[in-house]
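What follows is a short report on a single structure.
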Amino acid sequence: MKLKKILPQVLTLLFIVLLFGFFTMNAQENMDTRGIEFGFGFLKQEASFDIQFSLIDYDGSHSYARAYLVGLLNTLLVSFIGIILCTILGTIIGVARLSPNYLIRKTASFYIEFFRNIPLLLQIFFWYFAALRALPMPEDAPLLLGSSFMTIKGLYTPAPVWINLDVFMITLVIALIIIFFFNKYAKKKQEEEGVQYPKFFISLVIFIGLPSLTFLVGGVDLSFSYPELKQLAKTAFTYEGGMGIPPELIALTLALALYTATFIAENVRAGIQGVGRGQHEAAASIGLTPGQVLKLVVMPQALRIIIPPTTNQYLNLTKNSSLAAAIAYPDLVLVFAGTAMMQTGRAIEIVAITMATYLTISLIISSFMNWYNKRIAIKEK
Amino acid sequence: MIKVNILKPNKNNLSLFLVLGGLFFTLGIIDFYLNNFLEKNITSFLPGFISFFTPLIFGMIGLYFIRIEFSGIKLLDDLNKNINTNNFNAALSITIIILIIFSAVPLLNWFILDANFTGETKEACTGSGACWVYIKIWLNRFIYGMYPNAEQWRVNLTFAIVLAFASAGYFMPLKFKKYLTFYYALLLPIISFLLIYYLISGGDFGLVWVETGAWGGLSLTFIVSFFSLIFCFPIGMMLALGRGSDLPTVKYSSVAFIEFWRGVPLITVLFMSSVMFPMFLPDGTYIDKLIRVIVAITLFEAAYTAEVIRGGLQALPRGQYDAAKSLGMGYWKLHLLVILPQALKLVIPGIANTFLALVKDTPLIFVVGLLELVGMLNLAKTNPKWLGFSMEGYVFAGIIFWIICYSMSRYSQNLELKYKTDR
């Protein structure tokens, strides 16, 4: 009986130790013959390659560590925008799937069946190489919304130019803290004395009012720099000023959002359907309006079903953003596991760092979502 | 003279309201059509803003007129119930109808009416629509990659034989049915591997050797998905059982394995298999990159399969374990005969999703330089003789993948229904 418990464990351990030992020994030998020393010292060396799109100050004279940071920030940017877009789109499509209107229901399921059955990479390629390439050249681009240009070289929009942005940001944080405590206070009041404040309205006033006040007294000012057409050569045009969003970023976020939205839509649908009919009917019978039924009764229960699988989709989106490498958007994989590895030849260290980064992001997102899930879980009394 | 309150559609004047509603609705559609495709604005006398919305307004008036409850006409009642319950719904319906027309007409033009089907060169494509000549000329490459033309019968033959062996289980006499799992899990992969090794790869029996770098196109997509699918299932099952085990080392090594593969993107795994993995092997050993890719994808998807199966194991009531144990079953007997058959039945949709994800992930093997369908498209796109047809290529590949994935998901839905037993 005891042997039955110990033998498999010993075998597993032996297998793991032998496998890793074999790999490490070979790696050591291979590195010795090639004269490479294992270590992370190369991160401090000068990277001497350029990155097309960067959120922070970067050029070739910065270190590999800085290049890594640029790649990481670009990955996070795509994931962040993608998650917001796919959540909005997925919720709309998911609710539309349950619409009593035949046309809307069918359109929503057509959307889901269409986008989820085509490989994401193909969709990224389609948007980048086929759809966005059909856009006009900078000099022929029509004006969008009075100030933006959608061209083959990307989207050019007005860029905000802030004066004393830090004052504004600090006030925004203060406003959020005040709202947090106000809501706590209002909840306490309601539970103790039954007094109801217009919580949402007052929060909104604080959220908008306090930061706006800084324009009057704090010396904060906001202006916009608009993109303007500039001639580089006889036939080469570009835009100056404003904010340029590269087509790689647009194609990637668009494809990620459209693809992931199909899965989120299915989660939302399953969540809403998972709330029993009796809940709808009971809520309606005590006189709640359809909007209130959705907001106060159905959604809080549906969210518990929706959130765990949706977290998985957010993680998938973040991991899928690594497909950026295929269209040369400078994300973590392209910058670090691509260019930096070619230059330094340190395969083991770089692949290990890249994988560890993704693992960390995954763990952070899933632990945040676990915390949120716990917060909204049914509190049994 | 009967007085008719025109603002209140009712049953008494059914035909009048039907005609009125139909007229307005048609007017809206015609207005929209003229506006968008013939550039004629029949309502240009109205202010620009209103003129833009006339199709919607006309359509809504039309639908308002035909919104008559219990009219006695079944078609009308169904229509009202489904797309025309109130003004808001009517507005949404009309918007969708307009959007469908708006996208269907140009799509039809591009796909068929303005497209070119005949010819041999780029010059044959004169229309403004799709150039299907491009697909026609390159079809061979899209299916077989760089595989030599004269040898392509080998690929066809291999696929035909594997398909025959795979469908053999379907026609097997009843008394052999119990060996089916063994056949599919062990014999079929071995047969297929031998076929691919001797027939597609070649080198023996007077067949020319074709290196794996030359394989490609849709056939490579199938080879990679087939082997990864077959292998990731048993590995995932073992991992799921390992994760549920009471033995700490088995449990935690399974957990570590699963969480590691699930936490990293496939593209980095493929990077690892192509640049990092050779460093871990003794100097001079070389493993073919196709095999490395299949192993990488298999391990990656096995982790996901394991999690799906674990969900099924957890969903089974404790009583099943207790009942099996009380009959004196050991660990393996208990799992193979009682737990797994029930658990796997529960997770058919989840496993189908994992398999679909696997098929959709195969294009990623471009990272290691293997060109399956999407990779071949990108290669063909850069051919100087055929520049500017990327759209046709992606649409073609999209349709192919869509058909594969959609039929797979349909099949899984059928399986789910077939094995659904009430408990």
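Scheme for the structure tokens: letters A, B, ... for chains in order shown; per-chain residue numbers from 1; ligand numbers from 1 in order shown.
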
Practice prompt. Once DSSP has gone over the backbone, tell me which residues of range 60-250 of chain B are in alpha helix (DSSP H), as number ranges by chain.
Written response: B: 60-65, 74-83, 87-108, 132-144, 152-171, 180-182, 188-195, 217-243, 248-250

Discussion item. Residues of chain B were defined as contacting chain A if any atom lay at most 6 Å from it, counting only C-alpha atoms; please report them as an MDAnalysis selection string.
Written reply: chainID B and resid 82:83 249 263:265 276 279:282 360 390:391 394 398 401:402 405

Worksheet item: What lies within 10 Å of range 291-303 of chain B using only C-alpha atoms, ignoring chain neighbours under 4 positions off, as an MDAnalysis selection string?
Response: chainID B and resid 212 223:240 254:255 257:267 269:274 277:278 287 307:308 354:355 357:358 361:362 364:365 367:368 370

Worksheet item: Excluding same-chain residues fewer than 3 positions from Leu220 in chain B, what lies within 12 Å of it counting only C-alpha atoms, as a PyMOL selection string?
Response: chain B and resi 141-147+155+159+196+200+212-217+223-227+290+293-294+359+362-363+365-366+370-376
